[in-house]
>>> print(open('query_32.pdb').read())   # PDB, C-alpha atoms
ATOM      1  CA  MET A  29      50.113 -62.404 -54.427
ATOM      2  CA  SER A  30      53.691 -63.696 -54.306
ATOM      3  CA  GLU A  31      54.670 -65.646 -51.184
ATOM      4  CA  GLY A  32      58.191 -64.285 -50.746
ATOM      5  CA  LEU A  33      60.202 -61.091 -50.907
ATOM      6  CA  LEU A  34      62.840 -61.062 -53.634
ATOM      7  CA  LYS A  35      65.111 -58.553 -51.931
ATOM      8  CA  SER A  36      68.277 -58.754 -49.890
ATOM      9  CA  PRO A  37      68.146 -58.202 -46.106
ATOM     10  CA  GLN A  38      69.868 -54.848 -46.556
ATOM     11  CA  GLU A  39      67.333 -53.743 -49.194
ATOM     12  CA  LEU A  40      64.464 -54.733 -46.895
ATOM     13  CA  ARG A  41      66.037 -52.870 -44.004
ATOM     14  CA  ASP A  42      66.585 -49.729 -46.056
ATOM     15  CA  GLU A  43      62.997 -49.742 -47.371
ATOM     16  CA  PHE A  44      61.573 -50.385 -43.915
ATOM     17  CA  LEU A  45      63.392 -47.434 -42.382
ATOM     18  CA  LYS A  46      61.997 -45.163 -45.121
ATOM     19  CA  LEU A  47      58.342 -46.160 -44.671
ATOM     20  CA  GLN A  48      56.041 -43.137 -44.689
ATOM     21  CA  ASN A  49      52.501 -44.259 -45.604
ATOM     22  CA  ARG A  50      50.221 -47.087 -46.703
ATOM     23  CA  ASP A  51      51.560 -47.102 -50.259
ATOM     24  CA  SER A  52      55.134 -47.619 -49.090
ATOM     25  CA  VAL A  53      54.064 -50.411 -46.703
ATOM     26  CA  ALA A  54      52.302 -52.199 -49.575
ATOM     27  CA  GLN A  55      55.337 -51.813 -51.813
ATOM     28  CA  LEU A  56      57.672 -53.185 -49.132
ATOM     29  CA  LEU A  57      55.477 -56.281 -48.736
ATOM     30  CA  GLY A  58      55.167 -56.891 -52.479
ATOM     31  CA  LEU A  59      51.499 -55.881 -52.578
ATOM     32  CA  THR A  60      49.419 -53.289 -54.321
ATOM     33  CA  THR A  61      47.759 -50.736 -52.066
ATOM     34  CA  LYS A  62      44.423 -52.173 -53.203
ATOM     35  CA  GLN A  63      45.431 -55.655 -52.022
ATOM     36  CA  LEU A  64      46.608 -54.324 -48.670
ATOM     37  CA  ASN A  65      43.398 -52.341 -48.184
ATOM     38  CA  PHE A  66      41.244 -55.359 -49.019
ATOM     39  CA  HIS A  67      42.926 -57.731 -46.556
ATOM     40  CA  LEU A  68      43.097 -55.179 -43.741
ATOM     41  CA  TYR A  69      39.849 -53.242 -44.104
ATOM     42  CA  VAL A  70      37.422 -55.028 -46.472
ATOM     43  CA  LEU A  71      37.781 -58.742 -45.741
ATOM     44  CA  PRO A  72      35.419 -59.633 -42.854
ATOM     45  CA  SER A  73      37.173 -60.439 -39.591
ATOM     46  CA  ALA A  74      35.554 -63.887 -39.494
ATOM     47  CA  LYS A  75      37.307 -64.781 -42.751
ATOM     48  CA  LYS A  76      40.740 -63.604 -41.658
ATOM     49  CA  TYR A  77      41.333 -66.203 -38.950
ATOM     50  CA  LYS A  78      40.250 -69.672 -37.938
ATOM     51  CA  THR A  79      40.069 -70.095 -34.168
ATOM     52  CA  PHE A  80      40.325 -73.457 -32.436
ATOM     53  CA  SER A  81      41.670 -74.977 -29.224
ATOM     54  CA  LEU A  82      44.496 -77.418 -28.540
ATOM     55  CA  PRO A  83      45.243 -79.236 -25.272
ATOM     56  CA  LYS A  84      48.376 -78.161 -23.406
ATOM     57  CA  LYS A  85      50.881 -80.793 -22.273
ATOM     58  CA  SER A  86      50.683 -79.316 -18.785
ATOM     59  CA  GLY A  87      46.891 -79.427 -18.816
ATOM     60  CA  GLY A  88      44.295 -76.905 -19.873
ATOM     61  CA  ILE A  89      43.491 -75.543 -23.310
ATOM     62  CA  ARG A  90      45.422 -73.225 -25.610
ATOM     63  CA  LYS A  91      43.419 -71.000 -27.978
ATOM     64  CA  ILE A  92      44.913 -70.819 -31.475
ATOM     65  CA  SER A  93      43.977 -68.132 -34.000
ATOM     66  CA  ALA A  94      45.388 -69.292 -37.340
ATOM     67  CA  PRO A  95      45.393 -66.653 -40.114
ATOM     68  CA  ALA A  96      43.849 -67.445 -43.497
ATOM     69  CA  SER A  97      46.408 -68.054 -46.248
ATOM     70  CA  PRO A  98      46.546 -64.490 -47.691
ATOM     71  CA  ILE A  99      46.893 -62.957 -44.210
ATOM     72  CA  LYS A 100      49.561 -65.511 -43.324
ATOM     73  CA  VAL A 101      51.549 -64.649 -46.470
ATOM     74  CA  ILE A 102      51.467 -60.934 -45.590
ATOM     75  CA  GLN A 103      52.515 -61.675 -42.007
ATOM     76  CA  ARG A 104      55.364 -63.936 -43.118
ATOM     77  CA  LYS A 105      56.662 -61.162 -45.347
ATOM     78  CA  LEU A 106      56.476 -58.668 -42.499
ATOM     79  CA  LYS A 107      58.206 -61.159 -40.195
ATOM     80  CA  GLU A 108      61.032 -61.476 -42.728
ATOM     81  CA  VAL A 109      61.422 -57.690 -42.762
ATOM     82  CA  LEU A 110      61.266 -57.302 -38.983
ATOM     83  CA  GLU A 111      64.001 -59.870 -38.496
ATOM     84  CA  THR A 112      66.372 -57.746 -40.592
ATOM     85  CA  ILE A 113      65.796 -54.848 -38.184
ATOM     86  CA  TYR A 114      65.728 -56.417 -34.727
ATOM     87  CA  LYS A 115      68.463 -58.762 -33.548
ATOM     88  CA  PRO A 116      67.419 -60.790 -30.481
ATOM     89  CA  LYS A 117      69.322 -60.078 -27.284
ATOM     90  CA  PRO A 118      71.364 -62.858 -25.644
ATOM     91  CA  SER A 119      68.655 -63.258 -22.980
ATOM     92  CA  THR A 120      65.990 -64.230 -25.563
ATOM     93  CA  HIS A 121      65.896 -67.907 -26.524
ATOM     94  CA  GLY A 122      62.367 -68.565 -27.834
ATOM     95  CA  PHE A 123      61.800 -68.519 -31.618
ATOM     96  CA  VAL A 124      65.486 -67.726 -32.265
ATOM     97  CA  SER A 125      67.655 -69.719 -34.655
ATOM     98  CA  GLU A 126      70.228 -71.940 -32.892
ATOM     99  CA  ARG A 127      68.657 -71.230 -29.487
ATOM    100  CA  SER A 128      66.177 -73.364 -27.609
ATOM    101  CA  ILE A 129      64.769 -74.373 -24.244
ATOM    102  CA  VAL A 130      68.072 -76.214 -23.710
ATOM    103  CA  THR A 131      70.302 -73.179 -24.327
ATOM    104  CA  ASN A 132      68.064 -71.183 -22.014
ATOM    105  CA  ALA A 133      68.282 -73.726 -19.201
ATOM    106  CA  ARG A 134      72.051 -74.183 -19.639
ATOM    107  CA  LEU A 135      72.665 -70.614 -18.464
ATOM    108  CA  HIS A 136      71.183 -71.426 -15.049
ATOM    109  CA  LYS A 137      73.424 -74.365 -14.137
ATOM    110  CA  LYS A 138      74.916 -74.207 -10.644
ATOM    111  CA  ARG A 139      72.840 -71.184  -9.678
ATOM    112  CA  ARG A 140      71.747 -71.066  -6.070
ATOM    113  CA  TYR A 141      68.264 -69.738  -6.870
ATOM    114  CA  VAL A 142      66.227 -70.086 -10.064
ATOM    115  CA  LEU A 143      62.613 -68.895 -10.326
ATOM    116  CA  ASN A 144      60.575 -70.146 -13.279
ATOM    117  CA  ILE A 145      57.609 -67.923 -14.224
ATOM    118  CA  ASP A 146      54.995 -69.016 -16.762
ATOM    119  CA  LEU A 147      53.054 -66.145 -18.327
ATOM    120  CA  GLU A 148      49.607 -67.534 -19.118
ATOM    121  CA  ASP A 149      48.263 -66.799 -22.636
ATOM    122  CA  TYR A 150      51.262 -64.593 -23.269
ATOM    123  CA  PHE A 151      50.616 -63.406 -26.832
ATOM    124  CA  PRO A 152      47.009 -62.241 -26.217
ATOM    125  CA  THR A 153      48.181 -60.105 -23.286
ATOM    126  CA  ILE A 154      49.962 -57.867 -25.799
ATOM    127  CA  HIS A 155      47.265 -55.581 -27.156
ATOM    128  CA  PHE A 156      47.051 -53.422 -30.274
ATOM    129  CA  GLY A 157      48.145 -50.234 -28.528
ATOM    130  CA  ARG A 158      51.337 -51.849 -27.256
ATOM    131  CA  VAL A 159      52.176 -53.259 -30.681
ATOM    132  CA  ARG A 160      51.566 -49.882 -32.301
ATOM    133  CA  GLY A 161      53.727 -48.231 -29.636
ATOM    134  CA  LEU A 162      56.436 -50.811 -30.232
ATOM    135  CA  PHE A 163      56.694 -49.832 -33.894
ATOM    136  CA  MET A 164      56.891 -46.158 -32.946
ATOM    137  CA  GLY A 165      59.764 -46.737 -30.521
ATOM    138  CA  ASN A 166      63.234 -48.267 -30.443
ATOM    139  CA  PRO A 167      64.473 -49.884 -32.695
ATOM    140  CA  PHE A 168      61.835 -49.051 -35.349
ATOM    141  CA  TYR A 169      60.913 -45.339 -34.925
ATOM    142  CA  LEU A 170      58.035 -45.360 -37.437
ATOM    143  CA  ASN A 171      55.413 -42.638 -37.808
ATOM    144  CA  ASP A 172      51.836 -42.943 -36.525
ATOM    145  CA  GLU A 173      50.308 -44.042 -39.830
ATOM    146  CA  VAL A 174      52.850 -46.754 -40.595
ATOM    147  CA  ALA A 175      52.922 -48.050 -36.998
ATOM    148  CA  THR A 176      49.122 -48.344 -37.053
ATOM    149  CA  ILE A 177      49.122 -50.295 -40.341
ATOM    150  CA  LEU A 178      51.801 -52.722 -39.155
ATOM    151  CA  ALA A 179      49.954 -53.264 -35.868
ATOM    152  CA  GLN A 180      46.776 -54.003 -37.845
ATOM    153  CA  ILE A 181      48.674 -56.623 -39.833
ATOM    154  CA  CYS A 182      49.973 -58.228 -36.634
ATOM    155  CA  CYS A 183      46.838 -58.136 -34.465
ATOM    156  CA  HIS A 184      43.473 -59.900 -34.452
ATOM    157  CA  ASP A 185      40.597 -58.850 -32.197
ATOM    158  CA  GLY A 186      42.880 -56.201 -30.731
ATOM    159  CA  VAL A 187      45.684 -58.519 -29.542
ATOM    160  CA  LEU A 188      48.605 -60.570 -30.851
ATOM    161  CA  PRO A 189      47.096 -63.893 -31.911
ATOM    162  CA  GLN A 190      48.616 -67.199 -30.883
ATOM    163  CA  GLY A 191      49.227 -68.707 -34.314
ATOM    164  CA  ALA A 192      50.293 -65.703 -36.408
ATOM    165  CA  PRO A 193      53.813 -65.715 -37.935
ATOM    166  CA  THR A 194      54.437 -62.165 -36.707
ATOM    167  CA  SER A 195      53.596 -62.795 -33.047
ATOM    168  CA  PRO A 196      57.009 -64.317 -32.148
ATOM    169  CA  SER A 197      58.813 -61.373 -33.794
ATOM    170  CA  ASN A 198      56.928 -58.885 -31.616
ATOM    171  CA  HIS A 199      57.375 -61.151 -28.620
ATOM    172  CA  LYS A 200      61.173 -60.952 -28.877
ATOM    173  CA  VAL A 201      61.179 -57.168 -28.502
ATOM    174  CA  PHE A 202      58.628 -57.166 -25.664
ATOM    175  CA  SER A 203      60.528 -59.941 -23.867
ATOM    176  CA  PHE A 204      63.720 -57.907 -23.841
ATOM    177  CA  ILE A 205      61.910 -54.833 -22.464
ATOM    178  CA  TRP A 206      60.106 -56.928 -19.815
ATOM    179  CA  ASN A 207      63.313 -58.765 -18.850
ATOM    180  CA  TRP A 208      65.298 -55.552 -18.457
ATOM    181  CA  ASN A 209      62.682 -53.752 -16.381
ATOM    182  CA  SER A 210      62.011 -56.807 -14.218
ATOM    183  CA  ALA A 211      65.688 -57.425 -13.565
ATOM    184  CA  ARG A 212      66.142 -53.819 -12.440
ATOM    185  CA  ALA A 213      63.030 -53.899 -10.254
ATOM    186  CA  MET A 214      64.023 -57.139  -8.530
ATOM    187  CA  ARG A 215      67.761 -56.415  -8.495
ATOM    188  CA  LEU A 216      68.528 -59.658 -10.243
ATOM    189  CA  LYS A 217      71.635 -60.390 -12.249
ATOM    190  CA  ALA A 218      69.709 -61.575 -15.303
ATOM    191  CA  ILE A 219      66.452 -62.800 -16.724
ATOM    192  CA  ASN A 220      66.429 -65.203 -19.632
ATOM    193  CA  CYS A 221      63.232 -65.685 -21.588
ATOM    194  CA  TYR A 222      61.929 -68.574 -23.648
ATOM    195  CA  SER A 223      58.558 -67.824 -25.271
ATOM    196  CA  GLY A 224      55.914 -67.208 -22.592
ATOM    197  CA  TRP A 225      57.963 -68.108 -19.559
ATOM    198  CA  SER A 226      61.086 -66.766 -17.920
ATOM    199  CA  LEU A 227      63.878 -67.976 -15.696
ATOM    200  CA  LEU A 228      65.121 -65.443 -13.160
ATOM    201  CA  LYS A 229      68.456 -65.979 -11.500
ATOM    202  CA  ASN A 230      70.606 -64.556  -8.746
ATOM    203  CA  ASN A 231      73.767 -65.934  -7.190
TER     204      ASN A 231
END
>>> encode(input="query_32.pdb", output="structure tokens")
Amino acid sequence: MSEGLLKSPQELRDEFLKLQNRDSVAQLLGLTTKQLNFHLYVLPSAKKYKTFSLPKKSGGIRKISAPASPIKVIQRKLKEVLETIYKPKPSTHGFVSERSIVTNARLHKKRRYVLNIDLEDYFPTIHFGRVRGLFMGNPFYLNDEVATILAQICCHDGVLPQGAPTSPSNHKVFSFIWNWNSARAMRLKAINCYSGWSLLKNN
């Protein structure tokens, strides 16, 4: 299995938007259908991921589910494809090139009120059904079969795993949706998100 995709961003985008079935998903990711079937449906779940815990700087424990090498390669390829389709909104700062916790905080200078919300175990709160629904909606618009396969690539034990290369890509889309809905509900001027926590501001 090759570790990279030897196609231009435009070629990846065009192929992605034409996905119809399992064979086309395998072809996009540089796999045979047999390889894709094996890693998704034959390989035992216990061999797909290694789970361990790491201490958080703020205290407590963070559960990490690290994919085995073949699964990680497939996820990295999918991540590369997804990033040709979805361009992060200005309010998203986590896992985005040339953005950081500093660029996120800079937007809140001289604000009268700033509320910092930390979403505990953020990735695992996004379950398989939401990921599948994400691929069926804006900006992807994929059919049921393809959306299900991509969600199976992204998820472990029915949720987005903390430690998978694809989890941040899905997070960016969900963060924008959550930010927009929350801002409307709370009548705030903006919400800016970095990874699993958000800064909400109003003048």
>>> resolve_selection(input="query_32.pdb", expression="the PyMOL selection byres ((chain A and resi 77-94) around 6)", output="MDAnalysis selection string")
chainID A and resid 75:76 95:96 189:191
>>> resolve_selection(input="query_32.pdb", expression="the PyMOL selection byres ((chain A and resi 32) around 12)", output="PDB file with C-alpha atoms, in the coordinates of the input")
ATOM      1  CA  MET A  29      50.113 -62.404 -54.427  1.00  0.00           C
ATOM      2  CA  SER A  30      53.691 -63.696 -54.306  1.00  0.00           C
ATOM      3  CA  GLU A  31      54.670 -65.646 -51.184  1.00  0.00           C
ATOM      4  CA  LEU A  33      60.202 -61.091 -50.907  1.00  0.00           C
ATOM      5  CA  LEU A  34      62.840 -61.062 -53.634  1.00  0.00           C
ATOM      6  CA  LYS A  35      65.111 -58.553 -51.931  1.00  0.00           C
ATOM      7  CA  SER A  36      68.277 -58.754 -49.890  1.00  0.00           C
ATOM      8  CA  LEU A  56      57.672 -53.185 -49.132  1.00  0.00           C
ATOM      9  CA  LEU A  57      55.477 -56.281 -48.736  1.00  0.00           C
ATOM     10  CA  GLY A  58      55.167 -56.891 -52.479  1.00  0.00           C
ATOM     11  CA  LEU A  59      51.499 -55.881 -52.578  1.00  0.00           C
ATOM     12  CA  LYS A 100      49.561 -65.511 -43.324  1.00  0.00           C
ATOM     13  CA  VAL A 101      51.549 -64.649 -46.470  1.00  0.00           C
ATOM     14  CA  ILE A 102      51.467 -60.934 -45.590  1.00  0.00           C
ATOM     15  CA  GLN A 103      52.515 -61.675 -42.007  1.00  0.00           C
ATOM     16  CA  ARG A 104      55.364 -63.936 -43.118  1.00  0.00           C
ATOM     17  CA  LYS A 105      56.662 -61.162 -45.347  1.00  0.00           C
ATOM     18  CA  LEU A 106      56.476 -58.668 -42.499  1.00  0.00           C
ATOM     19  CA  LYS A 107      58.206 -61.159 -40.195  1.00  0.00           C
ATOM     20  CA  GLU A 108      61.032 -61.476 -42.728  1.00  0.00           C
ATOM     21  CA  VAL A 109      61.422 -57.690 -42.762  1.00  0.00           C
TER      22      VAL A 109
END
>>> residues_around(input="query_32.pdb", residues="segment 170-179 of chain A", least_positions_apart="6", cutoff="12 Å", atoms="only C-alpha atoms", output="JSON, numbers by chain")
{"A": [43, 44, 45, 46, 47, 48, 49, 50, 51, 52, 53, 54, 56, 57, 61, 64, 65, 67, 68, 69, 102, 103, 105, 106, 107, 109, 110, 154, 155, 156, 157, 158, 159, 160, 161, 162, 163, 164, 185, 186, 187, 188, 189, 194, 195, 198]}
>>> atom_distance(input="query_32.pdb", atom1="atom CA of Ile113 of chain A", atom2="atom CA of Pro193 of chain A")
16.2 Å
>>> atom_distance(input="query_32.pdb", atom1="atom CA of Cys182 of chain A", atom2="atom CA of Phe151 of chain A")
11.1 Å
>>> atom_distance(input="query_32.pdb", atom1="atom CA of Ser73 of chain A", atom2="atom CA of Ala192 of chain A")
14.5 Å
>>> build_atoms(input="query_32.pdb", residues="segment 46-59 of chain A", atoms="N, CA and C atoms", output="PDB file, in the coordinates of the input")
ATOM      1  N   LYS A  46      62.498 -46.308 -44.359  1.00  0.00           N
ATOM      2  CA  LYS A  46      61.997 -45.163 -45.121  1.00  0.00           C
ATOM      3  C   LYS A  46      60.466 -45.157 -45.242  1.00  0.00           C
ATOM      4  N   LEU A  47      59.799 -46.084 -44.570  1.00  0.00           N
ATOM      5  CA  LEU A  47      58.342 -46.160 -44.671  1.00  0.00           C
ATOM      6  C   LEU A  47      57.690 -44.865 -44.211  1.00  0.00           C
ATOM      7  N   GLN A  48      56.712 -44.391 -45.009  1.00  0.00           N
ATOM      8  CA  GLN A  48      56.041 -43.137 -44.689  1.00  0.00           C
ATOM      9  C   GLN A  48      54.522 -43.243 -44.677  1.00  0.00           C
ATOM     10  N   ASN A  49      53.953 -44.200 -45.456  1.00  0.00           N
ATOM     11  CA  ASN A  49      52.501 -44.259 -45.604  1.00  0.00           C
ATOM     12  C   ASN A  49      52.073 -45.653 -46.059  1.00  0.00           C
ATOM     13  N   ARG A  50      50.780 -45.790 -46.316  1.00  0.00           N
ATOM     14  CA  ARG A  50      50.221 -47.087 -46.703  1.00  0.00           C
ATOM     15  C   ARG A  50      50.802 -47.591 -48.020  1.00  0.00           C
ATOM     16  N   ASP A  51      51.007 -46.690 -48.971  1.00  0.00           N
ATOM     17  CA  ASP A  51      51.560 -47.102 -50.259  1.00  0.00           C
ATOM     18  C   ASP A  51      52.952 -47.711 -50.097  1.00  0.00           C
ATOM     19  N   SER A  52      53.772 -47.107 -49.273  1.00  0.00           N
ATOM     20  CA  SER A  52      55.134 -47.619 -49.090  1.00  0.00           C
ATOM     21  C   SER A  52      55.138 -48.939 -48.327  1.00  0.00           C
ATOM     22  N   VAL A  53      54.189 -49.130 -47.395  1.00  0.00           N
ATOM     23  CA  VAL A  53      54.064 -50.411 -46.703  1.00  0.00           C
ATOM     24  C   VAL A  53      53.695 -51.511 -47.704  1.00  0.00           C
ATOM     25  N   ALA A  54      52.717 -51.221 -48.558  1.00  0.00           N
ATOM     26  CA  ALA A  54      52.302 -52.199 -49.575  1.00  0.00           C
ATOM     27  C   ALA A  54      53.469 -52.552 -50.486  1.00  0.00           C
ATOM     28  N   GLN A  55      54.208 -51.570 -50.924  1.00  0.00           N
ATOM     29  CA  GLN A  55      55.337 -51.813 -51.813  1.00  0.00           C
ATOM     30  C   GLN A  55      56.397 -52.677 -51.138  1.00  0.00           C
ATOM     31  N   LEU A  56      56.693 -52.396 -49.879  1.00  0.00           N
ATOM     32  CA  LEU A  56      57.672 -53.185 -49.132  1.00  0.00           C
ATOM     33  C   LEU A  56      57.274 -54.647 -49.072  1.00  0.00           C
ATOM     34  N   LEU A  57      55.979 -54.911 -48.897  1.00  0.00           N
ATOM     35  CA  LEU A  57      55.477 -56.281 -48.736  1.00  0.00           C
ATOM     36  C   LEU A  57      55.103 -56.942 -50.050  1.00  0.00           C
ATOM     37  N   GLY A  58      55.438 -56.299 -51.172  1.00  0.00           N
ATOM     38  CA  GLY A  58      55.167 -56.891 -52.479  1.00  0.00           C
ATOM     39  C   GLY A  58      53.692 -56.945 -52.817  1.00  0.00           C
ATOM     40  N   LEU A  59      52.933 -55.942 -52.345  1.00  0.00           N
ATOM     41  CA  LEU A  59      51.499 -55.881 -52.578  1.00  0.00           C
ATOM     42  C   LEU A  59      51.149 -54.590 -53.296  1.00  0.00           C
TER      43      LEU A  59
END
